[in-house]
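Below is one structure, written out as C-alpha coordinates, with a few remarks after it.
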Amino acid sequence: MAHDLLTAVRELTPELTARAAEIERERELPADLLDRLRAAGCFRMFVPRDHGGYEVDLRTGMAVLETLARADGSTGWTVMIGAETPHLLALLSRERFDKIYAAGPDVVVAGAFAPQGRAELADGGFQVSGRWAFASGCRHADWIFGNCLVTADGQPIPGADGAPPETRSMLFPADRVQVVDTWHVLGLRGTGSHDVVVDSAFCPAEATFDLFTGTPCLPGPGFVAPLAQFVLHLGAVAVGIAQGALDDLTALLGGDRQRLYARQPLADSPAFRIHLGRADLNVRAARTLLADLADDLWAACAQDPERIPTLQPTISAALPWVTEQAIAAVATCYRAAGGGAARDSSPLQRRFRDIHTFAQHAAAAEGWLGNNGARLLGRPVALAY
(Lines give C-alpha, C1' and ligand atoms only; values in the text may rest on other atoms or scores of the structure.)
Protein backbone atom coordinates (compact mmCIF):
# COMPACT_ATOMS: atom_id res chain seq x y z
CA MET A 1 0.00 0.00 0.00
CA ALA A 2 2.83 2.42 0.87
CA HIS A 3 4.58 1.60 -2.42
CA ASP A 4 1.37 2.26 -4.38
CA LEU A 5 0.87 5.58 -2.61
CA LEU A 6 4.42 6.77 -3.30
CA THR A 7 4.15 5.65 -6.91
CA ALA A 8 0.89 7.54 -7.38
CA VAL A 9 2.37 10.68 -5.83
CA ARG A 10 5.51 10.51 -7.96
CA GLU A 11 3.39 10.19 -11.08
CA LEU A 12 1.62 13.42 -10.13
CA THR A 13 4.75 15.50 -9.51
CA PRO A 14 5.47 16.61 -13.10
CA GLU A 15 2.00 18.12 -13.36
CA LEU A 16 2.28 19.75 -9.95
CA THR A 17 5.55 21.40 -10.96
CA ALA A 18 4.13 22.50 -14.31
CA ARG A 19 1.09 24.05 -12.60
CA ALA A 20 2.89 25.67 -9.66
CA ALA A 21 2.35 29.17 -11.08
CA GLU A 22 -1.36 28.44 -11.50
CA ILE A 23 -1.58 27.19 -7.91
CA GLU A 24 0.00 30.44 -6.73
CA ARG A 25 -2.29 32.54 -8.86
CA GLU A 26 -5.41 30.77 -7.57
CA ARG A 27 -4.05 30.98 -3.97
CA GLU A 28 -5.30 27.44 -3.40
CA LEU A 29 -5.10 24.04 -5.05
CA PRO A 30 -7.37 23.82 -8.11
CA ALA A 31 -10.31 21.48 -7.67
CA ASP A 32 -9.11 18.97 -10.26
CA LEU A 33 -5.71 18.66 -8.56
CA LEU A 34 -7.40 18.16 -5.21
CA ASP A 35 -9.44 15.38 -6.77
CA ARG A 36 -6.31 13.70 -8.11
CA LEU A 37 -4.46 14.01 -4.81
CA ARG A 38 -7.50 12.57 -3.08
CA ALA A 39 -7.69 9.70 -5.56
CA ALA A 40 -3.98 8.98 -5.05
CA GLY A 41 -4.69 8.48 -1.35
CA CYS A 42 -2.91 11.53 0.04
CA PHE A 43 -5.68 12.48 2.45
CA ARG A 44 -6.25 8.94 3.67
CA MET A 45 -2.62 7.91 4.14
CA PHE A 46 -2.72 8.10 7.95
CA VAL A 47 -6.35 6.96 8.31
CA PRO A 48 -6.74 3.52 9.95
CA ARG A 49 -7.15 0.59 7.58
CA ASP A 50 -10.43 -0.42 9.21
CA HIS A 51 -11.77 3.00 8.22
CA GLY A 52 -10.66 2.68 4.60
CA GLY A 53 -7.26 4.33 4.95
CA TYR A 54 -3.68 3.22 4.34
CA GLU A 55 -2.40 3.74 7.92
CA VAL A 56 1.16 4.26 6.67
CA ASP A 57 4.07 4.66 9.05
CA LEU A 58 5.66 8.00 9.88
CA ARG A 59 8.61 7.62 7.50
CA THR A 60 6.35 6.80 4.55
CA GLY A 61 4.18 9.81 5.26
CA MET A 62 7.24 12.03 5.42
CA ALA A 63 8.46 10.66 2.07
CA VAL A 64 5.10 11.52 0.49
CA LEU A 65 5.16 15.06 1.90
CA GLU A 66 8.76 15.68 0.81
CA THR A 67 7.99 14.41 -2.68
CA LEU A 68 5.00 16.73 -3.01
CA ALA A 69 6.85 19.76 -1.60
CA ARG A 70 9.75 19.07 -3.95
CA ALA A 71 7.29 19.45 -6.83
CA ASP A 72 5.44 22.42 -5.29
CA GLY A 73 5.74 23.80 -1.77
CA SER A 74 2.09 24.82 -1.47
CA THR A 75 0.91 21.37 -2.48
CA GLY A 76 3.19 19.69 0.05
CA TRP A 77 1.95 22.00 2.80
CA THR A 78 -1.73 21.64 1.90
CA VAL A 79 -1.59 17.86 1.76
CA MET A 80 0.29 17.81 5.06
CA ILE A 81 -2.52 19.71 6.79
CA GLY A 82 -5.26 17.59 5.28
CA ALA A 83 -3.46 14.30 5.88
CA GLU A 84 -3.10 15.05 9.59
CA THR A 85 -6.88 15.02 9.98
CA PRO A 86 -7.16 11.57 11.65
CA HIS A 87 -4.57 12.51 14.28
CA LEU A 88 -6.80 15.39 15.35
CA LEU A 89 -10.10 13.56 15.09
CA ALA A 90 -8.67 10.70 17.16
CA LEU A 91 -8.75 13.12 20.09
CA LEU A 92 -12.56 12.88 19.96
CA SER A 93 -14.46 9.89 21.31
CA ARG A 94 -14.26 6.68 19.30
CA GLU A 95 -17.99 6.89 18.59
CA ARG A 96 -17.60 10.39 17.17
CA PHE A 97 -14.53 9.39 15.15
CA ASP A 98 -16.35 6.43 13.62
CA LYS A 99 -19.34 8.58 12.74
CA ILE A 100 -17.22 11.19 10.94
CA TYR A 101 -15.44 8.53 8.88
CA ALA A 102 -18.59 6.51 8.14
CA ALA A 103 -18.97 8.14 4.71
CA GLY A 104 -15.39 7.44 3.62
CA PRO A 105 -11.71 7.95 4.47
CA ASP A 106 -10.97 11.21 2.65
CA VAL A 107 -12.07 13.58 5.41
CA VAL A 108 -10.21 16.90 5.62
CA VAL A 109 -10.02 19.12 8.69
CA ALA A 110 -8.57 22.64 8.71
CA GLY A 111 -8.10 24.99 11.63
CA ALA A 112 -5.75 26.77 13.96
CA PHE A 113 -3.78 25.87 17.08
CA ALA A 114 -3.55 29.35 18.58
CA PRO A 115 -6.36 29.95 21.14
CA GLN A 116 -7.87 32.89 19.29
CA GLY A 117 -11.43 32.13 20.30
CA ARG A 118 -13.52 31.95 23.44
CA ALA A 119 -15.70 29.01 24.42
CA GLU A 120 -18.21 29.88 27.12
CA LEU A 121 -19.53 26.94 29.13
CA ALA A 122 -23.14 26.18 28.18
CA ASP A 123 -25.61 23.38 28.76
CA GLY A 124 -24.24 20.35 26.87
CA GLY A 125 -21.31 22.17 25.33
CA PHE A 126 -19.95 25.62 24.60
CA GLN A 127 -21.00 28.91 23.04
CA VAL A 128 -18.13 29.81 20.74
CA SER A 129 -16.88 33.00 19.12
CA GLY A 130 -13.51 33.63 17.56
CA ARG A 131 -11.40 34.45 14.54
CA TRP A 132 -8.46 32.23 13.72
CA ALA A 133 -5.67 33.00 11.25
CA PHE A 134 -3.68 30.63 9.02
CA ALA A 135 -6.36 27.97 8.50
CA SER A 136 -4.63 26.25 5.57
CA GLY A 137 -6.93 24.46 3.16
CA CYS A 138 -10.06 25.81 4.79
CA ARG A 139 -11.95 26.27 1.50
CA HIS A 140 -11.88 22.56 0.70
CA ALA A 141 -12.14 21.30 4.30
CA ASP A 142 -15.08 19.22 5.52
CA TRP A 143 -14.60 20.32 9.13
CA ILE A 144 -12.93 23.34 10.72
CA PHE A 145 -11.68 23.65 14.28
CA GLY A 146 -10.51 26.57 16.38
CA ASN A 147 -8.65 26.38 19.65
CA CYS A 148 -10.34 28.42 22.37
CA LEU A 149 -9.86 29.81 25.81
CA VAL A 150 -12.54 28.18 27.94
CA THR A 151 -14.58 30.64 30.01
CA ALA A 152 -17.31 30.56 32.64
CA ASP A 153 -19.36 33.71 33.16
CA GLY A 154 -16.97 35.42 30.79
CA GLN A 155 -13.85 34.62 32.82
CA PRO A 156 -11.08 32.21 31.79
CA ILE A 157 -11.06 28.94 33.74
CA PRO A 158 -7.69 28.61 35.50
CA GLY A 159 -5.52 25.61 34.73
CA ALA A 160 -4.79 23.02 37.40
CA ASP A 161 -1.91 23.60 39.81
CA GLY A 162 -0.98 27.00 38.45
CA ALA A 163 -1.02 25.93 34.78
CA PRO A 164 -2.15 28.43 32.11
CA PRO A 165 -5.91 28.89 31.64
CA GLU A 166 -7.79 25.96 30.14
CA THR A 167 -8.06 25.72 26.36
CA ARG A 168 -10.08 23.40 24.18
CA SER A 169 -10.59 22.97 20.43
CA MET A 170 -14.06 23.35 18.96
CA LEU A 171 -14.96 21.40 15.81
CA PHE A 172 -17.61 22.60 13.35
CA PRO A 173 -18.89 21.43 9.97
CA ALA A 174 -17.27 23.70 7.40
CA ASP A 175 -20.59 25.21 6.33
CA ARG A 176 -21.03 26.68 9.81
CA VAL A 177 -17.76 28.62 9.62
CA GLN A 178 -17.12 31.83 7.70
CA VAL A 179 -13.94 31.98 5.63
CA VAL A 180 -12.48 35.50 5.31
CA ASP A 181 -10.23 35.99 2.29
CA THR A 182 -7.01 37.20 3.92
CA TRP A 183 -4.32 35.06 2.26
CA HIS A 184 -2.30 37.70 0.38
CA VAL A 185 1.25 36.79 1.33
CA LEU A 186 4.90 36.41 0.36
CA GLY A 187 5.08 32.65 -0.16
CA LEU A 188 3.17 29.38 0.12
CA ARG A 189 0.50 31.35 -1.66
CA GLY A 190 -1.32 28.27 -2.90
CA THR A 191 -2.21 26.98 0.57
CA GLY A 192 -5.38 29.06 0.97
CA SER A 193 -4.53 29.81 4.60
CA HIS A 194 -7.33 32.29 5.18
CA ASP A 195 -8.90 33.43 8.44
CA VAL A 196 -11.93 31.53 9.72
CA VAL A 197 -14.64 33.05 11.91
CA VAL A 198 -17.30 31.67 14.24
CA ASP A 199 -19.77 34.08 15.80
CA SER A 200 -21.69 32.88 18.85
CA ALA A 201 -22.18 29.31 17.62
CA PHE A 202 -23.00 26.35 19.84
CA CYS A 203 -20.54 23.46 19.85
CA PRO A 204 -21.63 20.26 21.62
CA ALA A 205 -19.16 18.84 24.12
CA GLU A 206 -18.67 15.68 22.05
CA ALA A 207 -17.33 17.82 19.17
CA THR A 208 -14.50 19.26 21.25
CA PHE A 209 -11.03 17.98 22.07
CA ASP A 210 -7.90 18.80 24.00
CA LEU A 211 -5.33 19.58 21.33
CA PHE A 212 -2.22 19.46 23.47
CA THR A 213 -2.86 16.86 26.18
CA GLY A 214 -5.77 14.82 24.85
CA THR A 215 -5.71 11.02 24.77
CA PRO A 216 -6.30 9.40 21.35
CA CYS A 217 -9.27 7.05 21.04
CA LEU A 218 -7.39 4.81 18.55
CA PRO A 219 -4.65 2.25 19.09
CA GLY A 220 -1.42 2.12 17.13
CA PRO A 221 1.81 4.16 16.99
CA GLY A 222 0.42 6.59 14.43
CA PHE A 223 -1.87 8.14 17.03
CA VAL A 224 0.63 8.44 19.87
CA ALA A 225 2.39 11.83 20.25
CA PRO A 226 0.70 13.40 17.21
CA LEU A 227 2.19 16.86 17.74
CA ALA A 228 5.73 15.46 17.70
CA GLN A 229 4.87 13.67 14.46
CA PHE A 230 3.52 16.94 13.04
CA VAL A 231 6.91 18.59 13.66
CA LEU A 232 8.59 15.91 11.57
CA HIS A 233 5.98 16.35 8.84
CA LEU A 234 6.88 20.05 8.73
CA GLY A 235 10.54 19.17 8.45
CA ALA A 236 9.83 16.92 5.48
CA VAL A 237 8.08 19.81 3.70
CA ALA A 238 11.05 22.12 4.35
CA VAL A 239 13.48 19.55 2.96
CA GLY A 240 11.23 19.08 -0.07
CA ILE A 241 11.24 22.80 -0.84
CA ALA A 242 15.04 22.92 -0.55
CA GLN A 243 15.52 19.83 -2.69
CA GLY A 244 13.23 21.37 -5.29
CA ALA A 245 15.46 24.44 -5.42
CA LEU A 246 18.52 22.26 -5.96
CA ASP A 247 16.65 20.48 -8.76
CA ASP A 248 15.69 23.79 -10.35
CA LEU A 249 19.23 25.12 -10.27
CA THR A 250 20.91 22.02 -11.67
CA ALA A 251 18.35 21.99 -14.49
CA LEU A 252 19.06 25.68 -15.17
CA LEU A 253 22.80 25.07 -15.41
CA GLY A 254 22.44 22.28 -17.93
CA GLY A 255 23.12 24.62 -20.84
CA ASP A 256 26.51 26.07 -19.75
CA ARG A 257 24.84 29.11 -18.28
CA GLN A 258 27.26 32.01 -17.78
CA ARG A 259 26.45 35.09 -15.75
CA LEU A 260 27.28 38.59 -16.97
CA TYR A 261 30.93 39.53 -16.29
CA ALA A 262 31.78 35.94 -15.33
CA ARG A 263 34.93 34.34 -16.79
CA GLN A 264 33.42 30.90 -17.22
CA PRO A 265 30.13 29.03 -17.09
CA LEU A 266 28.81 28.82 -13.56
CA ALA A 267 28.95 25.03 -13.62
CA ASP A 268 32.72 25.24 -14.20
CA SER A 269 33.35 27.63 -11.31
CA PRO A 270 35.23 25.93 -8.44
CA ALA A 271 33.83 28.46 -5.95
CA PHE A 272 30.27 27.79 -7.06
CA ARG A 273 30.78 24.05 -6.90
CA ILE A 274 31.83 24.40 -3.28
CA HIS A 275 28.66 26.33 -2.44
CA LEU A 276 26.45 23.89 -4.34
CA GLY A 277 28.17 20.88 -2.81
CA ARG A 278 27.70 22.29 0.68
CA ALA A 279 24.03 23.05 0.02
CA ASP A 280 23.38 19.51 -1.24
CA LEU A 281 25.07 17.93 1.78
CA ASN A 282 23.21 20.19 4.20
CA VAL A 283 19.88 19.12 2.71
CA ARG A 284 20.96 15.48 2.89
CA ALA A 285 21.98 15.96 6.53
CA ALA A 286 18.63 17.55 7.36
CA ARG A 287 16.79 14.67 5.71
CA THR A 288 18.89 12.11 7.59
CA LEU A 289 18.33 13.82 10.94
CA LEU A 290 14.57 13.81 10.38
CA ALA A 291 14.65 10.15 9.39
CA ASP A 292 16.63 9.17 12.49
CA LEU A 293 14.29 11.09 14.77
CA ALA A 294 11.26 9.61 13.01
CA ASP A 295 12.59 6.08 13.55
CA ASP A 296 13.26 6.80 17.22
CA LEU A 297 9.84 8.34 17.74
CA TRP A 298 8.00 5.58 15.89
CA ALA A 299 9.76 2.89 17.91
CA ALA A 300 8.90 4.68 21.14
CA CYS A 301 5.26 5.12 20.09
CA ALA A 302 5.02 1.42 19.24
CA GLN A 303 7.01 -0.10 22.09
CA ASP A 304 7.92 2.37 24.82
CA PRO A 305 5.66 5.46 25.06
CA GLU A 306 7.27 6.48 28.34
CA ARG A 307 10.44 7.32 26.38
CA ILE A 308 8.65 9.92 24.22
CA PRO A 309 9.22 12.87 26.61
CA THR A 310 12.98 12.30 26.34
CA LEU A 311 12.75 12.57 22.54
CA GLN A 312 10.50 15.61 22.34
CA PRO A 313 13.10 18.29 23.17
CA THR A 314 15.33 17.17 20.31
CA ILE A 315 12.43 16.74 17.90
CA SER A 316 11.14 20.25 18.61
CA ALA A 317 14.68 21.64 18.24
CA ALA A 318 15.24 19.81 14.97
CA LEU A 319 12.69 21.80 12.98
CA PRO A 320 14.33 25.24 13.31
CA TRP A 321 17.71 23.66 12.50
CA VAL A 322 16.30 21.89 9.44
CA THR A 323 14.63 25.14 8.40
CA GLU A 324 17.95 26.98 8.67
CA GLN A 325 19.60 24.43 6.38
CA ALA A 326 16.75 24.64 3.91
CA ILE A 327 16.89 28.44 3.84
CA ALA A 328 20.65 28.37 3.26
CA ALA A 329 20.34 25.85 0.42
CA VAL A 330 17.55 27.77 -1.29
CA ALA A 331 19.49 31.04 -0.91
CA THR A 332 22.54 29.46 -2.56
CA CYS A 333 20.41 28.39 -5.51
CA TYR A 334 18.58 31.69 -5.78
CA ARG A 335 21.76 33.80 -5.75
CA ALA A 336 23.52 31.56 -8.25
CA ALA A 337 20.65 31.82 -10.71
CA GLY A 338 21.32 35.51 -11.32
CA GLY A 339 18.93 38.28 -12.25
CA GLY A 340 16.45 35.95 -13.91
CA ALA A 341 15.62 34.41 -10.54
CA ALA A 342 14.00 37.69 -9.49
CA ARG A 343 11.23 37.27 -12.07
CA ASP A 344 7.82 36.02 -10.96
CA SER A 345 8.13 33.31 -13.61
CA SER A 346 11.21 31.80 -11.93
CA PRO A 347 10.62 28.64 -9.89
CA LEU A 348 13.60 29.62 -7.76
CA GLN A 349 11.91 32.87 -6.79
CA ARG A 350 8.91 30.83 -5.65
CA ARG A 351 11.12 28.45 -3.66
CA PHE A 352 12.83 31.43 -2.04
CA ARG A 353 9.51 32.96 -1.02
CA ASP A 354 8.06 29.64 0.08
CA ILE A 355 10.89 28.69 2.44
CA HIS A 356 11.02 32.14 4.01
CA THR A 357 7.26 32.04 4.60
CA PHE A 358 7.63 28.53 6.02
CA ALA A 359 10.26 29.86 8.44
CA GLN A 360 7.67 32.17 10.03
CA HIS A 361 5.75 29.21 11.44
CA ALA A 362 5.78 29.17 15.23
CA ALA A 363 7.13 25.61 15.33
CA ALA A 364 10.18 26.69 13.30
CA ALA A 365 11.13 29.53 15.66
CA GLU A 366 14.74 29.62 16.81
CA GLY A 367 13.74 29.44 20.47
CA TRP A 368 12.95 25.73 20.15
CA LEU A 369 16.66 25.04 19.73
CA GLY A 370 16.99 25.80 23.43
CA ASN A 371 15.04 22.62 24.19
CA ASN A 372 17.91 20.50 22.99
CA GLY A 373 20.37 22.62 24.93
CA ALA A 374 18.31 22.20 28.08
CA ARG A 375 18.21 18.45 27.53
CA LEU A 376 21.98 18.27 27.17
CA LEU A 377 22.42 20.24 30.40
CA GLY A 378 19.88 18.23 32.32
CA ARG A 379 17.75 21.33 32.83
CA PRO A 380 13.94 21.53 32.62
CA VAL A 381 12.55 22.10 29.15
CA ALA A 382 10.34 25.18 29.13
CA LEU A 383 8.68 24.56 25.77
CA ALA A 384 8.10 21.23 24.07
CA TYR A 385 5.62 19.39 21.91
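Following the order of the C-alpha coordinates, chains are lettered A, B, ..., residues in each are numbered from 1, and ligands are numbered from 1.
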### Message
Env of Gly111 (chain A): 9 Å cut, atoms = only C-alpha atoms, seq-sep filter 5 positions within chain, self excluded. Answer as a ChimeraX atom specification.
### Response
/A:132-138,143-147,171,196
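Near Ser93 (chain A), within 12 Å and counting only C-alpha atoms, sit Leu88, Leu89, Ala90, Leu91, Glu95, Arg96, Phe97, Asp98, Lys99, Ile100, Ala205, Glu206, Ala207, Thr208, Phe209, Asp210, Gly214, Thr215, Pro216, Cys217 and Leu218 of chain A; same-chain residues fewer than 2 positions away were not included.
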Kindly export the residues of the current selection with N, CA and C atoms, as a PDB file, in the first residue's frame.
```pdb
ATOM      1  N   LEU A  88      -5.997  14.446  14.577  1.00  0.00           N
ATOM      2  CA  LEU A  88      -6.796  15.387  15.350  1.00  0.00           C
ATOM      3  C   LEU A  88      -8.135  14.772  15.749  1.00  0.00           C
ATOM      4  N   LEU A  89      -8.785  14.139  14.796  1.00  0.00           N
ATOM      5  CA  LEU A  89     -10.102  13.565  15.092  1.00  0.00           C
ATOM      6  C   LEU A  89     -10.014  12.404  16.073  1.00  0.00           C
ATOM      7  N   ALA A  90      -8.851  11.776  16.171  1.00  0.00           N
ATOM      8  CA  ALA A  90      -8.668  10.703  17.158  1.00  0.00           C
ATOM      9  C   ALA A  90      -8.704  11.222  18.584  1.00  0.00           C
ATOM     10  N   LEU A  91      -8.642  12.537  18.762  1.00  0.00           N
ATOM     11  CA  LEU A  91      -8.752  13.121  20.092  1.00  0.00           C
ATOM     12  C   LEU A  91     -10.213  13.273  20.522  1.00  0.00           C
ATOM     13  N   GLU A  95     -16.684   6.853  19.244  1.00  0.00           N
ATOM     14  CA  GLU A  95     -17.988   6.895  18.591  1.00  0.00           C
ATOM     15  C   GLU A  95     -18.065   8.059  17.602  1.00  0.00           C
ATOM     16  N   ARG A  96     -17.578   9.209  18.043  1.00  0.00           N
ATOM     17  CA  ARG A  96     -17.601  10.390  17.173  1.00  0.00           C
ATOM     18  C   ARG A  96     -16.666  10.204  15.978  1.00  0.00           C
ATOM     19  N   PHE A  97     -15.490   9.645  16.221  1.00  0.00           N
ATOM     20  CA  PHE A  97     -14.527   9.390  15.146  1.00  0.00           C
ATOM     21  C   PHE A  97     -15.155   8.478  14.097  1.00  0.00           C
ATOM     22  N   ASP A  98     -15.732   7.387  14.542  1.00  0.00           N
ATOM     23  CA  ASP A  98     -16.346   6.432  13.619  1.00  0.00           C
ATOM     24  C   ASP A  98     -17.458   7.076  12.803  1.00  0.00           C
ATOM     25  N   LYS A  99     -18.223   7.929  13.436  1.00  0.00           N
ATOM     26  CA  LYS A  99     -19.339   8.582  12.741  1.00  0.00           C
ATOM     27  C   LYS A  99     -18.826   9.505  11.635  1.00  0.00           C
ATOM     28  N   ILE A 100     -17.761  10.256  11.929  1.00  0.00           N
ATOM     29  CA  ILE A 100     -17.218  11.192  10.935  1.00  0.00           C
ATOM     30  C   ILE A 100     -16.669  10.443   9.734  1.00  0.00           C
ATOM     31  N   ALA A 205     -20.368  19.311  23.437  1.00  0.00           N
ATOM     32  CA  ALA A 205     -19.156  18.841  24.117  1.00  0.00           C
ATOM     33  C   ALA A 205     -18.488  17.701  23.376  1.00  0.00           C
ATOM     34  N   GLU A 206     -19.272  16.828  22.730  1.00  0.00           N
ATOM     35  CA  GLU A 206     -18.675  15.680  22.054  1.00  0.00           C
ATOM     36  C   GLU A 206     -17.924  16.065  20.781  1.00  0.00           C
ATOM     37  N   ALA A 207     -18.061  17.322  20.339  1.00  0.00           N
ATOM     38  CA  ALA A 207     -17.330  17.815  19.172  1.00  0.00           C
ATOM     39  C   ALA A 207     -16.164  18.698  19.581  1.00  0.00           C
ATOM     40  N   THR A 208     -15.650  18.493  20.770  1.00  0.00           N
ATOM     41  CA  THR A 208     -14.502  19.263  21.254  1.00  0.00           C
ATOM     42  C   THR A 208     -13.389  18.307  21.660  1.00  0.00           C
ATOM     43  N   PHE A 209     -12.156  18.831  21.673  1.00  0.00           N
ATOM     44  CA  PHE A 209     -11.029  17.983  22.065  1.00  0.00           C
ATOM     45  C   PHE A 209      -9.909  18.834  22.641  1.00  0.00           C
ATOM     46  N   ASP A 210      -9.063  18.167  23.401  1.00  0.00           N
ATOM     47  CA  ASP A 210      -7.896  18.805  24.000  1.00  0.00           C
ATOM     48  C   ASP A 210      -6.721  18.597  23.048  1.00  0.00           C
ATOM     49  N   GLY A 214      -4.709  15.800  25.003  1.00  0.00           N
ATOM     50  CA  GLY A 214      -5.766  14.816  24.852  1.00  0.00           C
ATOM     51  C   GLY A 214      -5.240  13.401  24.629  1.00  0.00           C
ATOM     52  N   THR A 215      -6.069  12.421  24.944  1.00  0.00           N
ATOM     53  CA  THR A 215      -5.714  11.017  24.767  1.00  0.00           C
ATOM     54  C   THR A 215      -6.410  10.480  23.526  1.00  0.00           C
ATOM     55  N   PRO A 216      -5.666   9.894  22.573  1.00  0.00           N
ATOM     56  CA  PRO A 216      -6.304   9.398  21.352  1.00  0.00           C
ATOM     57  C   PRO A 216      -7.222   8.213  21.635  1.00  0.00           C
ATOM     58  N   CYS A 217      -8.299   8.131  20.868  1.00  0.00           N
ATOM     59  CA  CYS A 217      -9.265   7.047  21.036  1.00  0.00           C
ATOM     60  C   CYS A 217      -8.883   5.814  20.230  1.00  0.00           C
ATOM     61  N   LEU A 218      -7.790   5.907  19.441  1.00  0.00           N
ATOM     62  CA  LEU A 218      -7.393   4.814  18.554  1.00  0.00           C
ATOM     63  C   LEU A 218      -6.085   4.190  19.005  1.00  0.00           C
TER      64      LEU A 218
END
```
### Query
A:Arg44, A:Arg189, A:Arg139, A:Arg379: which is nearest His356 (chain A), counting only C-alpha atoms?
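Of A:Arg44, A:Arg189, A:Arg139, A:Arg379, the one nearest His356 (chain A), counting only C-alpha atoms, is A:Arg189.
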### Task
For each of A:Pro320, A:Gly220, A:Gly53, A:Gly244, take the minimum atom-to-atom distance to Ala359 (chain A), counting only C-alpha atoms, then give the residue where this is smallest.
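Once distances to Ala359 (chain A) are computed over only C-alpha atoms, the minimum belongs to A:Pro320.
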### Message
Please return, as a PyMOL selection string, all residues of region 242-357 of chain A that DSSP assigns to helix (DSSP H, G or I) on the basis of the backbone.
### Response
chain A and resi 242-255+266-268+270-303+305-336+339-342+347-357
### Task
Write out as a VMD selection string the residues lying within 12 Å of region 35-42 of chain A, counting only C-alpha atoms and excluding same-chain residues fewer than 6 positions away.
chain A and resid 1 to 13 15 to 16 29 52 to 56 60 to 65 67 to 68 75 to 85 104 to 108 140
### Message
Between CA of Val237 (chain A) and CA of Arg70 (chain A), what is the distance in Å, rounded to a tenth?
### Response
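It comes out at 7.9 Å.
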### Message
Between A:His233, A:His184, A:His51, A:Arg118, which residue has the minimum interatomic distance to Glu24 (chain A), considering only C-alpha atoms?
### Response
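Smallest distance to Glu24 (chain A) is found for A:His184.
For the set A:Leu232, A:Ile241, A:Leu121, A:Ala364, the residue with the smallest atom-to-atom gap to Gly187 (chain A) is A:Ile241, counting only C-alpha atoms.
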Between region 197-240 of chain A and region 291-303 of chain A, at 8 Å or less, what are the per-residue closest atom pairs and their distances in Å? Count only C-alpha atoms, order by chain and rising residue number, and return it as a tab-separated table.
```
residue	atom	partner	partner_atom	distance
A:Gly220	CA	A:Ala302	CA	6.8
A:Pro221	CA	A:Cys301	CA	4.7
A:Gly222	CA	A:Cys301	CA	7.6
A:Val224	CA	A:Cys301	CA	5.7
A:Ala225	CA	A:Cys301	CA	7.3
A:Gln229	CA	A:Ala294	CA	7.7
A:Leu232	CA	A:Ala294	CA	7.0
```
### Task
Could you check how far CA of Asp248 (chain A) sits from CA of Trp321 (chain A), in Å to one decimal?
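We find that CA of Asp248 (chain A) and CA of Trp321 (chain A) lie 22.9 Å from each other.
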